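Asker: Just entry38.txt, nothing more (compact mmCIF, C-alpha atoms):
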# COMPACT_ATOMS: atom_id res chain seq x y z
CA MET A 1 -19.80 -2.83 16.99
CA LYS A 2 -16.59 -1.24 18.24
CA ALA A 3 -14.89 1.26 15.95
CA ALA A 4 -11.95 3.65 16.16
CA VAL A 5 -13.60 6.93 15.18
CA LEU A 6 -11.69 9.94 13.85
CA THR A 7 -13.18 12.82 15.85
CA ARG A 8 -11.01 15.68 14.59
CA PHE A 9 -7.94 16.21 12.45
CA GLY A 10 -4.58 16.22 14.16
CA GLY A 11 -2.09 13.93 15.87
CA PRO A 12 -2.43 10.21 16.65
CA ASP A 13 -4.55 10.95 19.76
CA VAL A 14 -7.62 12.08 17.76
CA PHE A 15 -9.22 8.60 17.62
CA GLU A 16 -11.96 7.49 20.04
CA LEU A 17 -13.00 3.86 20.53
CA ARG A 18 -16.80 3.96 20.30
CA ASP A 19 -19.84 1.71 19.99
CA VAL A 20 -21.48 2.45 16.63
CA GLU A 21 -24.32 0.96 14.60
CA VAL A 22 -23.59 -1.91 12.24
CA PRO A 23 -24.28 -0.73 8.66
CA ASP A 24 -27.17 -2.22 6.72
CA VAL A 25 -26.38 -4.50 3.78
CA GLY A 26 -27.70 -3.38 0.41
CA PRO A 27 -28.05 -5.18 -2.93
CA ARG A 28 -24.77 -6.58 -4.28
CA GLN A 29 -23.09 -5.93 -0.93
CA VAL A 30 -21.65 -8.12 1.82
CA ARG A 31 -21.09 -7.63 5.55
CA VAL A 32 -17.67 -8.75 6.71
CA ARG A 33 -16.47 -9.51 10.22
CA VAL A 34 -13.12 -7.69 10.23
CA HIS A 35 -10.30 -9.80 11.64
CA ALA A 36 -7.45 -7.45 10.78
CA THR A 37 -6.62 -4.13 9.16
CA ALA A 38 -3.40 -2.19 8.57
CA ILE A 39 -1.98 1.33 8.59
CA ASN A 40 -0.86 3.14 5.43
CA PRO A 41 0.67 6.57 4.84
CA LEU A 42 -2.71 7.54 3.35
CA ASP A 43 -4.28 6.85 6.75
CA TYR A 44 -2.11 9.23 8.74
CA GLN A 45 -2.34 11.82 5.95
CA ILE A 46 -6.15 11.71 6.26
CA ARG A 47 -5.91 11.79 10.08
CA ARG A 48 -3.77 14.94 10.15
CA GLY A 49 -6.10 16.76 7.69
CA ASP A 50 -4.27 16.55 4.37
CA TYR A 51 -7.54 15.52 2.68
CA LYS A 52 -10.05 17.22 4.97
CA ASP A 53 -12.14 18.41 2.04
CA TYR A 54 -12.94 14.76 1.26
CA VAL A 55 -13.65 13.51 4.81
CA SER A 56 -16.69 14.42 6.91
CA LEU A 57 -16.18 14.06 10.67
CA PRO A 58 -16.74 12.00 12.71
CA ALA A 59 -15.43 9.27 10.40
CA ILE A 60 -14.29 5.66 10.41
CA THR A 61 -11.16 5.53 8.26
CA GLY A 62 -8.76 2.76 7.23
CA HIS A 63 -8.02 1.00 3.93
CA ASP A 64 -7.19 -2.68 4.46
CA ILE A 65 -9.47 -5.52 5.50
CA SER A 66 -9.10 -9.25 5.95
CA GLY A 67 -12.09 -11.04 7.42
CA VAL A 68 -15.01 -13.40 7.02
CA ILE A 69 -18.33 -12.79 5.27
CA GLU A 70 -21.27 -12.88 7.72
CA GLU A 71 -24.14 -11.60 5.55
CA LEU A 72 -24.96 -11.41 1.85
CA GLY A 73 -27.08 -8.76 0.19
CA SER A 74 -29.51 -9.58 -2.58
CA GLY A 75 -27.95 -10.55 -5.89
CA VAL A 76 -24.67 -11.82 -4.43
CA HIS A 77 -23.84 -15.25 -5.84
CA GLU A 78 -20.02 -15.19 -6.11
CA PHE A 79 -19.44 -15.68 -2.37
CA ALA A 80 -21.03 -17.45 0.58
CA VAL A 81 -21.36 -16.77 4.29
CA GLY A 82 -18.17 -18.01 5.93
CA ASP A 83 -15.86 -17.19 3.02
CA GLU A 84 -12.54 -15.60 3.96
CA VAL A 85 -11.95 -12.43 1.94
CA TYR A 86 -9.60 -9.47 1.76
CA TYR A 87 -10.00 -6.06 0.12
CA THR A 88 -9.60 -2.29 0.30
CA PRO A 89 -12.75 -0.26 1.08
CA LYS A 90 -13.67 2.58 -1.24
CA ILE A 91 -11.26 5.45 -0.69
CA PHE A 92 -13.23 8.56 0.31
CA GLY A 93 -16.37 6.57 -0.52
CA GLY A 94 -17.78 5.52 2.85
CA ALA A 95 -16.77 3.90 6.12
CA GLY A 96 -13.30 2.46 6.42
CA SER A 97 -11.71 -0.52 8.09
CA TYR A 98 -11.05 0.57 11.70
CA ALA A 99 -14.10 -1.30 12.98
CA GLU A 100 -15.27 -4.79 13.91
CA GLN A 101 -17.58 -5.07 10.90
CA HIS A 102 -17.68 -3.55 7.43
CA VAL A 103 -20.14 -3.45 4.54
CA THR A 104 -18.82 -3.22 1.00
CA ASP A 105 -19.73 -3.76 -2.65
CA VAL A 106 -19.07 -7.35 -3.68
CA GLU A 107 -17.05 -6.23 -6.73
CA LEU A 108 -14.27 -4.94 -4.45
CA ILE A 109 -13.53 -8.14 -2.56
CA GLY A 110 -11.24 -11.04 -3.37
CA ARG A 111 -10.75 -14.44 -1.77
CA LYS A 112 -8.06 -14.34 0.89
CA PRO A 113 -4.90 -16.23 -0.11
CA ARG A 114 -5.12 -19.70 1.41
CA ASN A 115 -1.55 -19.63 2.69
CA LEU A 116 -1.89 -16.40 4.70
CA THR A 117 -3.32 -15.50 8.10
CA HIS A 118 -5.72 -12.58 8.35
CA ILE A 119 -2.92 -10.49 9.85
CA GLU A 120 -0.74 -11.18 6.82
CA ALA A 121 -3.52 -10.70 4.28
CA ALA A 122 -4.62 -7.37 5.78
CA SER A 123 -1.11 -6.01 5.25
CA LEU A 124 -1.35 -6.46 1.49
CA THR A 125 -4.62 -5.18 0.03
CA LEU A 126 -3.96 -1.46 -0.55
CA VAL A 127 -0.22 -1.72 -1.10
CA GLY A 128 -0.48 -4.88 -3.19
CA GLY A 129 -3.21 -3.54 -5.43
CA THR A 130 -1.34 -0.25 -5.82
CA VAL A 131 1.94 -1.94 -6.75
CA TRP A 132 0.23 -4.25 -9.23
CA GLU A 133 -1.49 -1.31 -10.92
CA ALA A 134 1.75 0.70 -10.96
CA PHE A 135 3.81 -2.06 -12.56
CA SER A 136 1.34 -3.94 -14.72
CA GLN A 137 -1.02 -1.22 -15.95
CA ARG A 138 0.93 2.02 -15.73
CA ALA A 139 4.64 1.25 -16.18
CA GLN A 140 3.92 -1.97 -18.13
CA LEU A 141 7.09 -3.45 -16.64
CA ARG A 142 8.51 -6.19 -18.86
CA THR A 143 10.73 -9.19 -18.24
CA GLY A 144 14.40 -8.22 -18.51
CA GLU A 145 13.88 -4.52 -17.80
CA THR A 146 15.58 -2.75 -14.91
CA ILE A 147 13.59 -0.92 -12.25
CA LEU A 148 14.70 1.46 -9.50
CA ILE A 149 12.46 1.25 -6.42
CA HIS A 150 12.86 4.06 -3.91
CA GLY A 151 12.49 2.95 -0.28
CA GLY A 152 12.73 -0.83 -0.62
CA ALA A 153 12.50 -1.56 3.12
CA GLY A 154 9.23 0.32 3.67
CA GLY A 155 5.67 -0.95 3.71
CA VAL A 156 5.22 -0.33 -0.02
CA GLY A 157 8.81 -1.06 -1.03
CA THR A 158 8.93 -4.54 0.47
CA ILE A 159 6.03 -5.63 -1.74
CA ALA A 160 7.25 -3.65 -4.77
CA VAL A 161 10.62 -5.40 -4.74
CA GLN A 162 8.97 -8.83 -4.65
CA VAL A 163 6.38 -8.08 -7.34
CA ALA A 164 8.98 -6.56 -9.69
CA LYS A 165 11.19 -9.61 -9.24
CA ALA A 166 8.24 -11.93 -9.86
CA MET A 167 7.62 -10.07 -13.13
CA GLY A 168 11.17 -10.84 -14.25
CA ALA A 169 12.79 -7.43 -13.75
CA ARG A 170 16.27 -6.57 -12.51
CA VAL A 171 15.63 -4.70 -9.25
CA ILE A 172 17.71 -1.85 -7.85
CA THR A 173 16.44 -0.26 -4.64
CA THR A 174 17.43 2.47 -2.22
CA ALA A 175 17.66 1.58 1.48
CA LEU A 176 19.75 2.31 4.53
CA ALA A 177 22.94 0.25 4.70
CA ARG A 178 21.54 -1.72 7.64
CA ASP A 179 18.67 -2.87 5.41
CA HIS A 180 20.70 -4.02 2.40
CA ASP A 181 20.77 -7.69 3.35
CA PHE A 182 17.06 -7.49 4.10
CA VAL A 183 16.05 -6.02 0.72
CA ARG A 184 18.29 -8.50 -1.07
CA SER A 185 16.49 -11.29 0.76
CA LEU A 186 13.27 -9.98 -0.82
CA GLY A 187 14.78 -10.20 -4.31
CA ALA A 188 16.63 -6.94 -4.87
CA ASP A 189 19.65 -7.38 -7.11
CA GLU A 190 21.36 -4.17 -6.01
CA ALA A 191 20.93 -1.81 -3.05
CA ILE A 192 21.99 1.83 -2.77
CA ASP A 193 22.46 3.62 0.57
CA PHE A 194 20.69 6.91 -0.11
CA THR A 195 22.33 8.55 2.92
CA THR A 196 25.90 8.11 1.68
CA GLU A 197 25.58 7.52 -2.07
CA ASP A 198 24.09 9.54 -4.91
CA TYR A 199 21.51 7.19 -6.42
CA VAL A 200 21.78 8.87 -9.85
CA GLU A 201 25.53 8.19 -9.97
CA GLU A 202 25.08 4.66 -8.62
CA VAL A 203 22.39 3.82 -11.17
CA ALA A 204 24.68 5.05 -13.95
CA ARG A 205 27.46 2.81 -12.64
CA LEU A 206 25.22 -0.24 -12.22
CA THR A 207 23.67 0.12 -15.68
CA GLY A 208 26.78 1.08 -17.62
CA GLY A 209 25.46 4.59 -18.11
CA GLU A 210 22.19 3.47 -19.73
CA GLY A 211 19.85 4.18 -16.82
CA VAL A 212 16.82 2.22 -15.66
CA ASN A 213 13.65 1.54 -17.63
CA VAL A 214 11.27 2.22 -14.75
CA ILE A 215 11.45 4.23 -11.52
CA PHE A 216 8.95 3.63 -8.71
CA ASP A 217 8.72 6.68 -6.44
CA THR A 218 7.28 6.38 -2.93
CA ILE A 219 8.95 9.51 -1.54
CA GLY A 220 8.31 12.52 -3.79
CA GLY A 221 9.97 15.93 -3.53
CA ASP A 222 13.60 15.99 -4.60
CA THR A 223 13.49 12.27 -5.31
CA LEU A 224 10.79 12.82 -7.92
CA THR A 225 12.59 15.81 -9.43
CA ARG A 226 15.91 13.98 -9.87
CA SER A 227 14.47 10.64 -11.02
CA PRO A 228 14.65 11.50 -14.75
CA LEU A 229 18.44 11.74 -14.39
CA ALA A 230 18.51 8.00 -13.69
CA LEU A 231 16.15 7.03 -16.52
CA ALA A 232 16.98 5.34 -19.78
CA ASP A 233 15.61 6.91 -22.94
CA GLY A 234 11.86 6.26 -23.14
CA GLY A 235 11.74 5.33 -19.46
CA ARG A 236 8.72 5.51 -17.19
CA VAL A 237 8.28 7.01 -13.73
CA VAL A 238 5.41 5.90 -11.51
CA SER A 239 4.85 7.96 -8.34
CA LEU A 240 2.50 7.37 -5.42
CA VAL A 241 3.13 10.84 -4.01
CA ASP A 242 0.92 13.83 -4.72
CA ILE A 243 2.74 17.00 -5.78
CA ALA A 244 2.14 19.49 -2.96
CA GLN A 245 4.37 22.06 -4.67
CA PRO A 246 5.33 22.57 -8.32
CA GLN A 247 8.16 20.33 -9.52
CA ASN A 248 10.57 21.09 -12.36
CA LEU A 249 10.62 17.90 -14.43
CA ILE A 250 12.46 19.37 -17.42
CA GLU A 251 14.99 16.52 -17.35
CA ALA A 252 12.17 14.11 -18.20
CA TRP A 253 11.57 15.91 -21.51
CA GLY A 254 15.00 15.06 -22.86
CA LYS A 255 14.48 11.38 -22.00
CA ASN A 256 11.07 11.14 -23.70
CA ALA A 257 9.89 9.91 -20.31
CA ALA A 258 6.36 9.00 -19.33
CA TYR A 259 5.08 9.98 -15.87
CA HIS A 260 2.23 8.25 -14.06
CA PHE A 261 0.74 9.39 -10.76
CA VAL A 262 -1.20 6.60 -9.07
CA PHE A 263 -4.08 7.08 -6.66
CA THR A 264 -5.22 3.50 -6.88
CA ARG A 265 -8.77 2.26 -7.35
CA GLN A 266 -9.36 -1.23 -6.08
CA ASN A 267 -11.12 -4.12 -7.77
CA ARG A 268 -11.18 -7.89 -7.59
CA GLY A 269 -8.98 -8.31 -10.66
CA LYS A 270 -5.97 -6.74 -8.95
CA LEU A 271 -6.50 -8.83 -5.83
CA ASP A 272 -6.79 -12.03 -7.84
CA ALA A 273 -3.51 -11.26 -9.63
CA LEU A 274 -1.85 -10.57 -6.28
CA THR A 275 -3.31 -13.75 -4.77
CA ASP A 276 -1.82 -15.79 -7.61
CA LEU A 277 1.67 -14.47 -6.82
CA ILE A 278 1.17 -15.06 -3.09
CA GLU A 279 -0.09 -18.61 -3.41
CA ARG A 280 2.81 -19.43 -5.75
CA GLY A 281 5.21 -18.25 -3.04
CA LEU A 282 6.51 -15.31 -5.07
CA VAL A 283 5.26 -12.56 -2.73
CA LYS A 284 5.25 -12.72 1.06
CA PRO A 285 3.98 -10.10 3.52
CA VAL A 286 6.44 -8.27 5.73
CA ILE A 287 4.93 -7.36 9.12
CA GLY A 288 6.80 -4.78 11.18
CA ALA A 289 4.40 -4.61 14.14
CA THR A 290 0.95 -5.81 15.25
CA LEU A 291 -1.26 -3.92 17.72
CA PRO A 292 -4.91 -4.17 18.88
CA LEU A 293 -7.60 -1.73 17.71
CA ALA A 294 -7.56 0.02 21.10
CA ARG A 295 -3.97 1.12 20.38
CA ILE A 296 -4.69 2.64 16.96
CA ASP A 297 -3.01 5.87 18.09
CA GLU A 298 0.26 4.05 18.78
CA ALA A 299 0.03 2.27 15.43
CA HIS A 300 -0.30 5.58 13.59
CA GLU A 301 2.60 7.11 15.48
CA LEU A 302 4.75 4.06 14.80
CA LEU A 303 4.21 4.13 11.06
CA GLU A 304 4.55 7.89 10.77
CA ASN A 305 7.90 7.90 12.57
CA GLY A 306 8.96 4.31 12.11
CA SER A 307 11.80 4.80 9.65
CA ALA A 308 13.87 6.42 12.41
CA ARG A 309 13.29 3.32 14.55
CA GLY A 310 14.20 0.82 11.86
CA LEU A 311 10.63 -0.26 11.08
CA ARG A 312 10.44 -2.71 8.18
CA GLY A 313 7.20 -3.56 6.43
CA LYS A 314 3.63 -2.91 7.56
CA VAL A 315 1.96 -2.01 10.84
CA VAL A 316 -1.11 -4.22 11.29
CA ILE A 317 -4.12 -3.98 13.61
CA ASP A 318 -5.52 -7.21 15.08
CA VAL A 319 -9.19 -6.24 15.28
CA SER A 320 -10.70 -9.57 16.34
CA GLY A 321 -8.01 -10.55 18.82
CA GLU A 322 -7.83 -13.92 17.09
CA ALA A 323 -6.48 -12.95 13.68
CA SER A 324 -2.90 -13.94 14.38
CA ALA A 325 -3.84 -17.47 15.45
Please rewrite the model in this file as structure tokens.
Answerer:
Amino acid sequence: MKAAVLTRFGGPDVFELRDVEVPDVGPRQVRVRVHATAINPLDYQIRRGDYKDYVSLPAITGHDISGVIEELGSGVHEFAVGDEVYYTPKIFGGAGSYAEQHVTDVELIGRKPRNLTHIEAASLTLVGGTVWEAFSQRAQLRTGETILIHGGAGGVGTIAVQVAKAMGARVITTALARDHDFVRSLGADEAIDFTTEDYVEEVARLTGGEGVNVIFDTIGGDTLTRSPLALADGGRVVSLVDIAQPQNLIEAWGKNAAYHFVFTRQNRGKLDALTDLIERGLVKPVIGATLPLARIDEAHELLENGSARGLRGKVVIDVSGEASA
């Protein structure tokens, strides 16, 4: 099979398109013909060496798959050959998704939403499962609460806005002024231009000084440090960003705030919950660009620097060449 292999850590040019052996299928595993995958910030962080202690080179990376089951291992009864599925491979637990075929444990896969193409489905597995865990399990977001989502026009933010709205929350998000109509079309009730407005002051104005119940952080750094200033008493902050340097979160103490740092672990339950929202029309994928596997380097560069170019949503890789049909 063809695979984009990470040969060394560095810039987007470190991938090589190679012929590699198709993995064997073990008990309670399936082999999937990969139709599409997608690029996440985690992918370019791994590529540049941020997690080199967890990745042995050469490696096949990637964390989104939509495809069709071609082989069942022993003991698999939940699925059949020919079933369309989508899932996130184990993170740091084996081969990733930048390949024509993939073998995974059956417990990780979910049935692809019937109303999506493989291109669309592949854009949702890691981000969708992460957002669902962040809101449902960690923040325990409730109907009628107010949430501030940082970066509503990005690959994570576009799904976060929709999921929060589907859960009955009032949604405030930060985005460039040019993206305000766009994030409102996804369900955001209010949008704050983080380049010209202080989001802490704007949240105070929009909430009558009470603050928001939940903050979803996809940026880190100063954004994480200042988030408690926009929280209501007893609020919750959920961050997807690791803390590379110590952060002073003293303001959270006075708010009796709870902090959750999410490095998501995938399972079928999260995917099934996401599929329900998708098939009910409450969550729709946002695709910013689609490229073939041979242009994986361009896809990485686009996502890593896409905000300056006005990229909205996810960058997807059409592995099969037929996934967008």
Asker: Between atom CA of A:Gly110 and atom CA of A:Gly321, what is the distance in Å, rounded to a tenth?
Answerer: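 Calculated distance between atom CA of A:Gly110 and atom CA of A:Gly321 is 22.4 Å.
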Asker: Calculate how many Å separate atom CA of A:Leu274 from atom CA of A:Val161, rounding to one decimal.
Answerer: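 Result for atom CA of A:Leu274 versus atom CA of A:Val161: 13.6 Å, one decimal.
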Asker: Do you know which residues are at most 10 Å from stretch 113-117 of chain A counting all atoms listed in the file, after dropping those on the same chain fewer than 4 positions away, and could you put them as number ranges by chain?
Answerer: A: 35-36, 66-67, 84-86, 121-122, 271-272, 274-281, 284-285, 323-325
Asker: Identify which of the residues A:Val283, A:Ala232, A:Arg48, A:Gly10 lies closest to A:Lys165, counting all atoms listed in the file when measuring atom-to-atom distances.
Answerer: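 Comparing A:Val283, A:Ala232, A:Arg48, A:Gly10 against A:Lys165, the winner is A:Val283.
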Asker: Figure out the distance between atom CA of A:Glu120 and atom CA of A:Val81, please, to one decimal in Å.
Answerer: 21.5 Å
